[in-house]
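*Asks:* What follows is the file structure_12.txt, containing compact mmCIF, C-alpha atoms:
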```txt
# COMPACT_ATOMS: atom_id res chain seq x y z
CA MET E 1 65.15 1.48 -136.20
CA LEU E 2 67.02 -0.69 -133.69
CA ILE E 3 64.69 -3.61 -134.46
CA LEU E 4 65.43 -3.19 -138.17
CA LYS E 5 69.18 -2.93 -137.50
CA ARG E 6 69.13 -6.09 -135.41
CA GLY E 7 66.49 -8.01 -137.31
CA ILE E 8 67.67 -7.67 -140.90
CA PRO E 9 71.11 -9.35 -140.55
CA VAL E 10 69.63 -12.19 -138.48
CA THR E 11 66.75 -12.73 -140.93
CA VAL E 12 69.07 -12.72 -143.95
CA ALA E 13 71.52 -15.12 -142.25
CA VAL E 14 68.79 -17.53 -141.12
CA VAL E 15 66.88 -17.53 -144.43
CA VAL E 16 70.03 -17.99 -146.54
CA GLY E 17 71.40 -20.67 -144.18
CA LEU E 18 68.18 -22.67 -144.17
CA ALA E 19 67.77 -22.26 -147.94
CA ALA E 20 71.32 -23.61 -148.46
CA LEU E 21 70.59 -26.58 -146.20
CA ALA E 22 67.22 -27.29 -147.83
CA GLY E 23 68.83 -26.88 -151.24
CA LEU E 24 71.50 -29.41 -150.33
CA ILE E 25 68.79 -32.03 -149.76
CA PHE E 26 65.93 -31.13 -152.08
CA VAL E 27 67.18 -28.67 -154.75
CA PRO E 28 70.99 -29.02 -155.21
CA ALA E 29 70.96 -26.21 -157.82
CA LEU E 30 69.77 -23.72 -155.16
CA SER E 31 72.56 -24.78 -152.79
CA ASP E 32 75.14 -24.44 -155.60
CA LEU E 33 73.82 -20.97 -156.43
CA ILE E 34 74.14 -19.81 -152.80
CA LEU E 35 77.66 -21.27 -152.60
CA ASP E 36 78.54 -19.39 -155.81
CA TRP E 37 77.37 -16.17 -154.17
CA ALA E 38 79.47 -17.00 -151.10
CA GLY E 39 82.47 -17.58 -153.37
CA PHE E 40 81.90 -14.18 -154.99
CA LEU E 41 81.69 -12.52 -151.56
CA ALA E 42 84.91 -14.30 -150.53
CA ALA E 43 86.64 -12.92 -153.65
CA THR E 44 85.41 -9.42 -152.75
CA ALA E 45 86.74 -9.95 -149.22
CA LEU E 46 90.13 -10.86 -150.72
CA ILE E 47 90.26 -7.47 -152.45
CA MET E 48 89.47 -5.85 -149.08
CA GLY E 49 92.23 -7.96 -147.55
CA ILE E 50 94.80 -6.78 -150.08
CA VAL E 51 93.78 -3.15 -149.49
CA ASN E 52 94.13 -3.75 -145.72
CA LEU E 53 97.57 -5.34 -146.20
CA LEU E 54 98.73 -2.50 -148.45
CA SER E 55 97.39 0.20 -146.12
CA ILE E 56 99.06 -1.24 -142.99
CA HIS E 57 102.42 -1.83 -144.66
CA LEU E 58 102.41 1.56 -146.42
CA LYS E 59 102.02 3.24 -143.01
CA ARG E 60 104.82 1.08 -141.57
CA SER E 61 107.05 1.86 -144.58
CA LEU E 62 106.54 5.58 -144.04
CA ALA E 63 107.52 5.03 -140.40
CA GLY E 64 110.81 3.54 -141.60
CA ASN E 65 110.13 -0.22 -141.57
CA ILE E 66 112.32 -1.68 -144.33
CA TYR E 67 110.51 -5.05 -144.43
CA SER E 68 107.16 -3.37 -144.97
CA ALA E 69 108.68 -1.28 -147.77
CA ILE E 70 109.95 -4.48 -149.45
CA LEU E 71 106.49 -6.05 -149.08
CA VAL E 72 104.77 -3.04 -150.69
CA LEU E 73 107.28 -2.91 -153.55
CA SER E 74 106.97 -6.69 -154.13
CA LEU E 75 103.18 -6.48 -154.14
CA LEU E 76 103.21 -3.66 -156.70
CA ALA E 77 105.84 -5.46 -158.82
CA VAL E 78 103.73 -8.64 -158.97
CA PHE E 79 100.67 -6.56 -159.88
CA ALA E 80 102.66 -4.95 -162.68
CA LEU E 81 103.87 -8.36 -163.83
CA ALA E 82 100.31 -9.69 -163.89
CA ALA E 83 99.32 -6.71 -166.04
CA THR E 84 102.20 -7.24 -168.48
CA ASP E 85 101.36 -10.98 -168.60
CA GLU E 86 97.79 -10.06 -169.48
CA ILE E 87 98.70 -7.71 -172.35
CA GLY E 88 101.35 -10.10 -173.69
CA LEU E 89 104.51 -8.10 -172.86
CA THR E 90 105.77 -10.95 -170.62
CA GLN E 91 104.94 -14.63 -170.47
CA ASP E 92 104.21 -16.57 -167.24
CA GLY E 93 105.83 -13.81 -165.19
CA VAL E 94 103.60 -14.32 -162.13
CA ASP E 95 104.01 -18.11 -162.27
CA SER E 96 107.80 -17.75 -162.47
CA VAL E 97 107.90 -15.41 -159.47
CA PHE E 98 105.66 -17.81 -157.57
CA ASN E 99 107.77 -20.87 -158.39
CA MET E 100 111.13 -19.18 -157.81
CA ILE E 101 110.35 -17.19 -154.64
CA GLN E 102 107.12 -18.25 -152.96
CA VAL E 103 107.49 -22.04 -153.20
CA PRO E 104 111.11 -22.24 -151.87
CA LEU E 105 110.26 -19.81 -149.05
CA GLU E 106 107.27 -21.89 -147.95
CA ALA E 107 109.39 -25.06 -148.14
CA ALA E 108 112.10 -23.41 -146.02
CA LEU E 109 109.55 -22.41 -143.38
CA ALA E 110 108.05 -25.90 -143.38
CA SER E 111 111.47 -27.46 -142.86
CA LEU E 112 112.01 -25.31 -139.77
CA LEU E 113 109.07 -27.04 -138.07
CA ALA E 114 111.16 -30.06 -137.04
CA PHE E 115 113.59 -27.83 -135.11
CA PHE E 116 110.79 -25.79 -133.54
CA LEU E 117 109.08 -28.96 -132.32
CA LEU E 118 112.33 -30.35 -130.95
CA PHE E 119 112.91 -27.16 -128.94
CA ALA E 120 109.27 -27.20 -127.82
CA GLY E 121 109.67 -30.79 -126.56
CA VAL E 122 112.81 -29.93 -124.58
CA ARG E 123 111.18 -26.82 -123.09
CA MET E 124 108.09 -28.83 -122.21
CA MET E 125 110.15 -31.35 -120.27
CA GLN E 126 111.94 -28.54 -118.42
CA GLY E 127 108.77 -26.68 -117.49
CA ARG E 128 106.15 -29.39 -117.00
CA ARG E 129 106.54 -32.74 -115.31
CA ASP E 130 102.99 -34.07 -115.14
CA LEU E 131 101.63 -37.44 -116.28
CA ALA E 132 100.42 -36.11 -119.64
CA THR E 133 103.85 -34.69 -120.44
CA ILE E 134 105.63 -37.93 -119.53
CA LEU E 135 103.19 -39.97 -121.67
CA PHE E 136 103.68 -37.50 -124.54
CA LEU E 137 107.46 -37.86 -124.33
CA ILE E 138 107.42 -41.67 -124.01
CA SER E 139 105.09 -42.07 -127.00
CA THR E 140 107.12 -39.59 -129.11
CA LEU E 141 110.41 -41.39 -128.34
CA PHE E 142 108.83 -44.82 -128.87
CA PHE E 143 107.40 -43.94 -132.28
CA LEU E 144 110.61 -42.16 -133.35
CA LEU E 145 112.85 -45.06 -132.32
CA THR E 146 110.64 -47.75 -133.83
CA ARG E 147 110.78 -45.97 -137.19
CA ALA E 148 114.59 -46.22 -137.17
CA PRO E 149 116.38 -49.23 -138.72
CA MET E 150 116.85 -52.06 -136.20
CA PRO E 151 118.02 -55.70 -136.12
CA GLU E 152 115.58 -58.35 -137.34
CA THR E 153 115.27 -59.99 -133.93
CA LEU E 154 114.31 -56.70 -132.28
CA SER E 155 111.97 -55.53 -135.00
CA SER E 156 110.02 -58.80 -134.97
CA VAL E 157 109.08 -58.07 -131.33
CA ILE E 158 108.72 -54.28 -131.33
CA LEU E 159 106.95 -53.63 -134.65
CA PRO E 160 103.82 -55.70 -133.84
CA VAL E 161 103.58 -53.82 -130.50
CA ARG E 162 103.88 -50.48 -132.30
CA ASP E 163 101.22 -51.49 -134.85
CA LEU E 164 98.92 -52.65 -132.04
CA ILE E 165 99.31 -49.33 -130.18
CA GLN E 166 98.79 -47.40 -133.39
CA SER E 167 95.70 -49.32 -134.50
CA ILE E 168 93.99 -49.44 -131.11
CA VAL E 169 95.14 -46.59 -128.85
CA VAL E 170 96.05 -43.93 -131.44
CA VAL E 171 93.18 -44.57 -133.85
CA SER E 172 90.53 -44.74 -131.11
CA GLY E 173 91.88 -41.57 -129.50
CA MET E 174 91.88 -39.75 -132.83
CA ARG E 175 88.37 -40.91 -133.64
CA GLY E 176 87.15 -39.77 -130.24
CA LEU E 177 88.70 -36.36 -130.87
CA MET E 178 87.18 -36.18 -134.36
CA LEU E 179 83.74 -37.18 -133.04
CA GLY E 180 83.92 -34.43 -130.41
CA ILE E 181 84.87 -31.88 -133.07
CA ALA E 182 82.06 -33.06 -135.35
CA LEU E 183 79.51 -32.70 -132.52
CA GLY E 184 80.83 -29.22 -131.71
CA VAL E 185 80.56 -28.24 -135.38
CA ILE E 186 77.00 -29.62 -135.61
CA THR E 187 75.69 -27.74 -132.56
CA LEU E 188 77.44 -24.49 -133.53
CA SER E 189 76.15 -24.77 -137.11
CA VAL E 190 72.57 -25.37 -135.93
CA ARG E 191 72.85 -22.39 -133.55
CA LEU E 192 74.02 -20.26 -136.49
CA LEU E 193 71.24 -21.57 -138.74
CA ILE E 194 68.46 -20.76 -136.28
CA GLY E 195 69.92 -17.37 -135.37
CA MET E 196 70.84 -18.35 -131.81
CA GLU E 197 74.47 -17.51 -132.59
CA ARG E 198 75.41 -14.26 -134.29
CA PRO E 199 79.12 -13.71 -135.01
CA TYR E 200 78.06 -10.58 -136.96
CA SER E 201 76.91 -7.46 -135.08
CA SER E 202 73.20 -7.08 -134.43
CA MET H 1 65.89 -39.61 -150.39
CA ALA H 2 69.31 -41.09 -149.60
CA ALA H 3 70.12 -42.43 -146.10
CA SER H 4 72.77 -39.73 -145.52
CA GLU H 5 70.22 -36.98 -146.26
CA LEU H 6 67.73 -38.60 -143.89
CA VAL H 7 70.40 -38.72 -141.15
CA LEU H 8 71.16 -35.02 -141.82
CA ILE H 9 67.50 -34.01 -141.45
CA VAL H 10 66.97 -36.16 -138.31
CA THR H 11 70.17 -34.80 -136.69
CA PHE H 12 69.22 -31.22 -137.55
CA LEU H 13 65.71 -31.56 -136.12
CA PHE H 14 66.97 -33.41 -133.04
CA VAL H 15 69.60 -30.76 -132.27
CA ILE H 16 67.08 -27.92 -132.71
CA GLY H 17 64.56 -29.71 -130.46
CA ALA H 18 67.19 -30.47 -127.84
CA LEU H 19 68.55 -26.91 -127.90
CA VAL H 20 65.08 -25.40 -127.40
CA PHE H 21 64.18 -27.94 -124.68
CA VAL H 22 67.41 -27.54 -122.67
CA ARG H 23 67.28 -23.74 -123.12
CA ARG H 24 63.80 -23.75 -121.52
CA GLN H 25 64.94 -26.09 -118.73
CA LEU H 26 67.79 -23.75 -117.87
CA GLY H 27 65.36 -20.82 -117.63
CA GLY H 28 66.79 -17.32 -117.24
CA ASP H 29 70.13 -16.11 -118.53
CA ASN H 30 71.74 -16.19 -115.07
CA GLN H 31 70.89 -19.80 -114.22
CA PRO H 32 73.86 -21.45 -112.47
CA PHE H 33 75.41 -24.33 -114.38
CA VAL H 34 78.53 -26.30 -113.52
CA LEU H 35 81.06 -26.58 -116.32
CA ARG H 36 84.28 -28.55 -115.97
CA THR H 37 87.36 -26.38 -115.59
CA ILE H 38 89.30 -25.55 -118.75
CA THR H 39 92.47 -23.69 -117.75
CA ALA H 40 92.76 -21.97 -121.14
CA TYR H 41 89.46 -20.15 -120.55
CA GLN H 42 90.55 -19.16 -117.04
CA ALA H 43 93.79 -17.78 -118.52
CA LEU H 44 91.80 -15.99 -121.20
CA ARG H 45 89.64 -14.34 -118.55
CA GLN H 46 92.80 -12.78 -117.10
CA GLN H 47 94.01 -11.43 -120.46
CA ALA H 48 91.80 -8.35 -120.59
CA GLY H 49 92.72 -7.42 -117.01
CA MET H 50 96.42 -7.93 -117.74
CA ALA H 51 96.13 -5.75 -120.85
CA VAL H 52 94.63 -2.93 -118.81
CA GLU H 53 97.34 -3.26 -116.13
CA SER H 54 100.31 -3.48 -118.50
CA GLY H 55 98.93 -1.23 -121.23
CA ARG H 56 99.88 -3.90 -123.80
CA ARG H 57 97.19 -5.41 -125.96
CA PRO H 58 96.81 -9.15 -126.51
CA LEU H 59 97.42 -10.44 -130.02
CA LEU H 60 94.60 -12.66 -131.23
CA THR H 61 95.03 -14.67 -134.40
CA LEU H 62 91.92 -16.28 -135.88
CA GLY H 63 93.48 -18.89 -138.14
CA ARG H 64 92.85 -19.51 -141.81
CA GLY H 65 89.37 -21.04 -141.93
CA PRO H 66 87.21 -19.28 -144.57
CA LEU H 67 83.67 -18.69 -143.31
CA HIS H 68 82.00 -20.30 -146.33
CA THR H 69 83.85 -23.64 -145.99
CA PRO H 70 83.65 -26.49 -143.43
CA ALA H 71 86.46 -24.70 -141.51
CA GLY H 72 84.04 -21.82 -140.80
CA PRO H 73 82.77 -23.01 -137.36
CA ALA H 74 86.34 -22.99 -135.96
CA SER H 75 86.69 -19.38 -137.10
CA VAL H 76 83.33 -18.49 -135.51
CA ALA H 77 84.64 -20.00 -132.25
CA GLY H 78 87.66 -17.68 -132.51
CA MET H 79 85.24 -14.78 -133.08
CA HIS H 80 83.61 -15.48 -129.69
CA ILE H 81 87.00 -14.98 -128.04
CA LEU H 82 87.55 -11.78 -130.02
CA GLN H 83 84.20 -10.37 -128.92
CA ASP H 84 84.85 -11.30 -125.29
CA LEU H 85 88.36 -9.78 -125.23
CA ALA H 86 87.17 -6.64 -127.00
CA GLN H 87 84.20 -6.10 -124.70
CA ALA H 88 86.19 -6.77 -121.54
CA SER H 89 89.02 -4.41 -122.44
CA GLY H 90 89.13 -1.11 -120.63
CA SER H 91 89.14 2.39 -122.02
CA GLY H 92 91.14 3.33 -125.11
CA ARG H 93 92.65 0.88 -127.62
CA LEU H 94 93.39 -1.99 -125.25
CA GLY H 95 91.28 -4.52 -127.14
CA PRO H 96 93.05 -7.27 -129.06
CA TYR H 97 95.21 -6.70 -132.12
CA VAL H 98 93.91 -9.27 -134.58
CA THR H 99 95.58 -11.09 -137.46
CA VAL H 100 93.65 -13.25 -139.94
CA GLY H 101 94.71 -15.86 -142.48
CA SER H 102 91.55 -15.71 -144.55
CA ALA H 103 90.10 -12.61 -146.19
CA THR H 104 86.55 -13.64 -145.22
CA LEU H 105 87.52 -13.16 -141.55
CA LEU H 106 88.70 -9.57 -142.07
CA PRO H 107 85.29 -7.81 -142.25
CA ILE H 108 83.78 -9.95 -139.50
CA ALA H 109 86.72 -9.32 -137.13
CA GLN H 110 86.61 -5.57 -137.84
CA ASP H 111 82.85 -5.68 -137.20
CA GLY H 112 83.43 -7.44 -133.87
CA LEU H 113 85.90 -4.79 -132.70
CA ARG H 114 83.69 -1.94 -133.93
CA THR H 115 80.64 -3.33 -132.12
CA ALA H 116 82.61 -3.77 -128.89
CA ALA H 117 83.90 -0.18 -129.08
CA ASP H 118 80.34 1.10 -129.67
CA ARG H 119 79.02 -0.91 -126.72
CA ARG H 120 81.70 0.56 -124.45
CA GLY H 121 80.58 4.00 -125.61
CA GLN H 122 83.98 4.63 -127.25
CA PRO H 123 83.37 4.41 -131.01
CA LEU H 124 86.60 6.30 -131.68
CA ALA H 125 88.61 3.52 -129.98
CA PHE H 126 87.96 1.32 -133.03
CA HIS H 127 90.54 1.46 -135.78
CA PRO H 128 90.23 -0.71 -138.94
CA ASP H 129 93.99 -1.37 -138.92
CA ASP H 130 93.59 -3.24 -135.62
CA VAL H 131 92.73 -6.21 -137.82
CA HIS H 132 95.54 -7.28 -140.11
CA PHE H 133 95.05 -9.59 -143.09
CA ILE H 134 98.32 -11.52 -143.39
CA ALA H 135 97.88 -14.03 -146.22
CA ASP H 136 95.32 -16.12 -148.03
CA GLU H 137 94.43 -19.55 -146.59
CA SER H 138 96.38 -21.25 -149.40
CA PHE H 139 99.65 -20.07 -147.82
CA PRO H 140 99.62 -21.30 -144.21
CA PHE H 141 103.34 -20.78 -143.58
CA VAL H 142 103.28 -17.24 -144.94
CA TYR H 143 100.37 -16.50 -142.61
CA ALA H 144 102.22 -18.02 -139.64
CA ALA H 145 105.43 -16.14 -140.47
CA GLY H 146 103.51 -12.85 -140.78
CA THR H 147 101.80 -13.44 -137.44
CA ALA H 148 105.17 -14.36 -135.86
CA GLU H 149 106.60 -11.09 -137.17
CA THR H 150 103.69 -9.19 -135.61
CA ILE H 151 104.31 -10.97 -132.28
CA GLY H 152 108.02 -10.14 -132.57
CA ARG H 153 107.28 -6.43 -132.95
CA ASN H 154 106.82 -6.59 -129.19
CA GLU H 155 103.57 -4.63 -129.23
CA SER H 156 101.46 -7.37 -127.71
CA GLY H 157 101.05 -8.52 -124.12
CA ASN H 158 100.20 -12.12 -124.99
CA THR H 159 99.38 -14.39 -127.91
CA ILE H 160 96.04 -16.15 -128.38
CA ALA H 161 95.54 -18.37 -131.42
CA VAL H 162 92.12 -19.99 -131.79
CA GLY H 163 90.61 -21.16 -135.07
CA ARG H 164 91.67 -23.42 -137.95
CA PHE H 165 95.41 -24.04 -137.87
CA GLY H 166 97.61 -26.85 -139.10
CA THR H 167 101.26 -27.56 -138.37
CA GLU H 168 102.07 -23.87 -138.98
CA LEU H 169 100.84 -23.29 -135.42
CA ALA H 170 104.39 -24.27 -134.34
CA ILE H 171 105.78 -21.07 -135.91
CA ILE H 172 103.24 -18.94 -134.01
CA GLY H 173 103.85 -20.85 -130.76
CA GLU H 174 107.62 -20.48 -131.11
CA ALA H 175 107.37 -16.73 -131.72
CA ALA H 176 105.11 -16.37 -128.67
CA ILE H 177 107.50 -18.31 -126.41
CA ARG H 178 110.52 -16.32 -127.66
CA ASN H 179 108.70 -13.14 -126.70
CA GLU H 180 108.08 -14.55 -123.20
CA HIS H 181 104.33 -14.91 -123.74
CA GLN H 182 102.21 -17.65 -122.20
CA PRO H 183 100.24 -18.44 -125.33
CA ILE H 184 96.70 -19.80 -125.48
CA LEU H 185 96.49 -22.09 -128.51
CA GLY H 186 93.46 -23.94 -129.82
CA SER H 187 92.47 -25.65 -133.05
CA ASP H 188 90.08 -28.23 -134.48
CA ASP H 189 92.88 -29.92 -136.43
CA SER H 190 94.54 -32.97 -134.85
CA SER H 191 98.10 -32.08 -135.94
CA ALA H 192 97.73 -28.56 -134.55
CA ILE H 193 96.32 -29.93 -131.27
CA ALA H 194 99.49 -31.98 -130.69
CA ILE H 195 101.62 -28.90 -131.40
CA ALA H 196 99.52 -26.74 -129.07
CA PHE H 197 100.04 -29.28 -126.27
CA ALA H 198 103.81 -29.09 -126.74
CA TYR H 199 103.84 -25.29 -126.55
CA THR H 200 101.46 -24.46 -123.74
CA GLN H 201 99.46 -25.76 -120.81
CA ASP H 202 96.63 -23.48 -121.91
CA SER H 203 95.62 -25.37 -125.02
CA LEU H 204 92.11 -25.90 -126.35
CA TRP H 205 91.51 -29.32 -127.87
CA GLY H 206 89.02 -29.79 -130.67
CA GLU H 207 85.51 -29.54 -129.28
CA GLU H 208 86.68 -27.25 -126.44
CA ILE H 209 87.04 -24.34 -128.86
CA PHE H 210 83.34 -24.62 -129.75
CA ALA H 211 82.39 -24.15 -126.09
CA ALA H 212 84.03 -20.69 -125.97
CA SER H 213 80.80 -18.72 -125.77
CA ALA H 214 79.43 -20.93 -122.97
CA TYR H 215 82.58 -20.52 -120.88
CA LEU H 216 83.01 -16.82 -121.53
CA ARG H 217 79.40 -15.57 -121.43
CA HIS H 218 77.44 -18.20 -119.48
CA SER H 219 74.18 -17.34 -121.24
CA ALA H 220 71.44 -19.99 -121.17
CA SER H 221 71.40 -20.60 -124.93
CA GLN H 222 75.14 -21.23 -125.05
CA LEU H 223 75.07 -23.45 -121.96
CA ALA H 224 72.19 -25.38 -123.55
CA SER H 225 74.44 -25.99 -126.52
CA VAL H 226 77.14 -27.56 -124.32
CA ARG H 227 74.49 -29.79 -122.68
CA VAL H 228 73.19 -30.90 -126.09
CA GLN H 229 76.76 -31.66 -127.17
CA ASP H 230 77.10 -33.91 -124.09
CA VAL H 231 73.81 -35.68 -124.85
CA LEU H 232 74.88 -36.24 -128.46
CA ARG H 233 78.24 -37.60 -127.29
CA TRP H 234 76.54 -40.19 -125.05
CA LEU H 235 74.15 -41.04 -127.87
CA VAL H 236 76.99 -41.64 -130.34
CA ALA H 237 78.90 -43.69 -127.74
CA ALA H 238 75.79 -45.81 -127.09
CA ILE H 239 75.26 -46.37 -130.84
CA LEU H 240 78.92 -47.39 -131.27
CA ILE H 241 78.79 -49.87 -128.36
CA LEU H 242 75.44 -51.27 -129.49
CA THR H 243 76.68 -51.73 -133.05
CA ALA H 244 79.83 -53.47 -131.82
CA LEU H 245 77.79 -55.78 -129.60
CA LEU H 246 75.36 -56.63 -132.40
CA GLN H 247 78.29 -57.39 -134.69
CA LEU H 248 79.82 -59.63 -132.01
CA LEU H 249 76.52 -61.48 -131.70
CA GLY H 250 76.44 -61.90 -135.47
CA VAL H 251 73.22 -59.92 -135.99
CA PHE H 252 74.86 -58.05 -138.92
```
Could you show the structure in this file as structure tokens?

*Replies:*
Amino acid sequence: MLILKRGIPVTVAVVVGLAALAGLIFVPALSDLILDWAGFLAATALIMGIVNLLSIHLKRSLAGNIYSAILVLSLLAVFALAATDEIGLTQDGVDSVFNMIQVPLEAALASLLAFFLLFAGVRMMQGRRDLATILFLISTLFFLLTRAPMPETLSSVILPVRDLIQSIVVVSGMRGLMLGIALGVITLSVRLLIGMERPYSS
Amino acid sequence: MAASELVLIVTFLFVIGALVFVRRQLGGDNQPFVLRTITAYQALRQQAGMAVESGRRPLLTLGRGPLHTPAGPASVAGMHILQDLAQASGSGRLGPYVTVGSATLLPIAQDGLRTAADRRGQPLAFHPDDVHFIADESFPFVYAAGTAETIGRNESGNTIAVGRFGTELAIIGEAAIRNEHQPILGSDDSSAIAIAFAYTQDSLWGEEIFAASAYLRHSASQLASVRVQDVLRWLVAAILILTALLQLLGVF
């Protein structure tokens, strides 16, 4: 029984993974079919996610959390709006809610990032005074200042230096980082494909 | 067959061969192996113990990388940390409280916590609500704000964020710092890596997140994977230098 419990998930994962890889090279239609199945499973997971979200916030609402109550009511209101959109009682109701509430809220959160990063930089200088931190600060200040308007005589000297640093130091560092990530992804993916790695229980 | 497909097959076969070979060379599961120090993993090791001492659970957020997309491996790396924290936690519900920014991570994270509770002989310690789906991956800032709110509820002992994040990691880092946490932040995205560096000394940069299982479990197969990664790195570096030299010499 234990062998079955352990063996079945691993066998399914390995066979499907190898079939998707082989399909990618030899039979693209097979790979597309498996990806379609994965997309369907992801959609099912989204339904589970919404149930999880609703369940957690309903419990918090009953415990007196006003924000959770607002979230539950908003979720149900958008569901109702989607239903009325579908039967023709309203038109573009969900899109309107999305454009009038969701988009401005996301933009507001994104605009806060600049302040968060500024505070993080100040805190970093207060708490850490190692070489990496000093280099981080110098490069941040250098790139910020060289993006500001400056006199012609100064810009003719500084801008080529900035471009040189950007094209040699920054690009090579970024490519090194990306190569490391790609190698990590390759080895982890191969381990998953041959069943050496099992993020699911077995 | 196109050249890119040939490269894919050769790389795949080479990595499998190298993994099997190095795994055999390392022998048993307890073979000693020297890994360079990564402070984030040392800090992570202390999290479970701190949770038991303080009675406050760590908050682990797994990012917004759906499992069926190229962002999946980063999420799997986060899962290793979840499994380690959950298994190392003491009695009762002292395992991590988990938030996810992709629905595909919800069942797998719940499964990880359930398995850990079963292995500790405390199946009742698992509760499905210990994993909280915050928002779909299309809404990174909503996910970050929801996670920040969870951190702000002051239920967690520390914040650990490992997986696929973008610039929204700043919102999570800020919430963690405001709650006097010493966050552990890691991502495979370059913009998030820069943000993680600004927020904490315990940051995991790119490939370091994929070495989680080797650092946390030390099993031969996972250590073999780190070795193979090193070999591949040298191989790529050699190919780059050789190509540059050949171009300098005018060969092509």

*Asks:* Could you give me, as a tab-separated table, a per-residue list for chain E showing, wherever an atom lies at most 7 Å from an atom of chain H, the closest pair of atoms and their distance in Å to one decimal, using only C-alpha atoms and sorting by chain then residue number from low to high?

*Replies:*
```
residue	atom	partner	partner_atom	distance
E:Ile25	CA	H:Glu5	CA	6.2
E:Ala38	CA	H:His68	CA	6.3
E:Ala42	CA	H:Thr104	CA	5.6
E:Ala45	CA	H:Ala103	CA	5.2
E:Leu46	CA	H:Ala103	CA	4.9
E:Gly49	CA	H:Ala103	CA	5.3
E:Asn52	CA	H:Phe133	CA	6.5
E:Leu53	CA	H:Phe133	CA	5.8
E:Ile56	CA	H:Asp129	CA	6.5
E:Glu106	CA	H:Phe141	CA	6.0
E:Leu109	CA	H:Phe141	CA	6.4
E:Ala110	CA	H:Phe141	CA	7.0
E:Leu113	CA	H:Ala170	CA	6.6
E:Phe116	CA	H:Ala170	CA	6.6
E:Leu117	CA	H:Ala170	CA	6.9
E:Ala120	CA	H:Ala198	CA	5.9
E:Gly121	CA	H:Ala198	CA	6.1
E:Met124	CA	H:Ala198	CA	6.2
E:Leu177	CA	H:Gly206	CA	6.6
E:Gly180	CA	H:Glu207	CA	5.3
E:Ile181	CA	H:Glu207	CA	4.5
E:Leu183	CA	H:Gln229	CA	6.1
E:Gly184	CA	H:Glu207	CA	5.3
E:Val185	CA	H:Pro73	CA	6.0
E:Thr187	CA	H:Ser225	CA	6.4
E:Leu188	CA	H:Pro73	CA	6.7
E:Ser189	CA	H:Pro73	CA	6.9
E:Val190	CA	H:Ile16	CA	6.9
E:Pro199	CA	H:Val76	CA	6.4
E:Tyr200	CA	H:Ile108	CA	6.3
E:Ser201	CA	H:Thr115	CA	6.3
```

*Asks:* Can you work out the spacing between atom CA of Gln102 of chain E and atom CA of Val78 of chain E in Å, to one decimal?

*Replies:*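 For atom CA of Gln102 of chain E relative to atom CA of Val78 of chain E, the distance reads 11.8 Å.
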
*Asks:* Just give me the gap between atom CA of Arg24 of chain H and atom CA of Leu193 of chain E in Å, one decimal is fine.

*Replies:* 18.9 Å

*Asks:* Excluding segment 157-173 of chain E and any residue of its chain fewer than 5 positions from it, enumerate the residues within 12 Å of it, using all atoms listed in the file, and give them as a ChimeraX atom specification.

*Replies:* /E:139-152,178-180 /H:190,240

*Asks:* Report, in Å to a single decimal, how far apart atom CA of Tyr41 of chain H and atom CA of Ser89 of chain H are.

*Replies:*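 These two atoms are separated by 15.9 Å.
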
*Asks:* Need the shell around Gly95 of chain H: protein/DNA/RNA residues with any atom at most 7 Å away, counting only C-alpha atoms. Skip same-chain ones fewer than 2 positions apart. Format as number ranges by chain?

*Replies:* H: 57, 85-86, 89, 93, 97

*Asks:* Given all atoms listed in the file as the basis, pick out the residue of E:Arg60, E:Phe136, E:Val103, E:Pro28 nearest to Arg153 of chain H.

*Replies:*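 Closest residue, counting all atoms listed in the file: E:Arg60.
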
*Asks:* Neighbours of Ala88 of chain H within 12 Å (all atoms listed in the file; same-chain residues fewer than 2 positions away dropped), as a CSV table (one decimal) with C-alpha atoms, in the frame of the given file?

*Replies:*
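Output file result-v7.csv is given in full below:
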```csv
chain,number,residue,atom,x,y,z
H,44,LEU,CA,91.8,-16.0,-121.2
H,45,ARG,CA,89.6,-14.3,-118.6
H,46,GLN,CA,92.8,-12.8,-117.1
H,47,GLN,CA,94.0,-11.4,-120.5
H,48,ALA,CA,91.8,-8.4,-120.6
H,49,GLY,CA,92.7,-7.4,-117.0
H,50,MET,CA,96.4,-7.9,-117.7
H,51,ALA,CA,96.1,-5.8,-120.8
H,52,VAL,CA,94.6,-2.9,-118.8
H,57,ARG,CA,97.2,-5.4,-126.0
H,58,PRO,CA,96.8,-9.2,-126.5
H,81,ILE,CA,87.0,-15.0,-128.0
H,82,LEU,CA,87.6,-11.8,-130.0
H,83,GLN,CA,84.2,-10.4,-128.9
H,84,ASP,CA,84.8,-11.3,-125.3
H,85,LEU,CA,88.4,-9.8,-125.2
H,86,ALA,CA,87.2,-6.6,-127.0
H,90,GLY,CA,89.1,-1.1,-120.6
H,91,SER,CA,89.1,2.4,-122.0
H,92,GLY,CA,91.1,3.3,-125.1
H,93,ARG,CA,92.6,0.9,-127.6
H,94,LEU,CA,93.4,-2.0,-125.2
H,95,GLY,CA,91.3,-4.5,-127.1
H,96,PRO,CA,93.0,-7.3,-129.1
H,113,LEU,CA,85.9,-4.8,-132.7
H,116,ALA,CA,82.6,-3.8,-128.9
H,117,ALA,CA,83.9,-0.2,-129.1
H,119,ARG,CA,79.0,-0.9,-126.7
H,120,ARG,CA,81.7,0.6,-124.4
H,216,LEU,CA,83.0,-16.8,-121.5
H,217,ARG,CA,79.4,-15.6,-121.4
```

*Asks:* May I have the residues within 9 Å of Ile151 of chain H as a list of chain:residue names, using all atoms listed in the file and disregarding those fewer than 2 positions away in the same chain?

*Replies:*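 Within the cut-off, the hits are H:Leu59, H:Gly146, H:Thr147, H:Ala148, H:Glu149, H:Arg153, H:Asn154, H:Glu155, H:Ser156, H:Asn158, H:Thr159, H:Ile172, H:Ala175, H:Ala176, H:Asn179.
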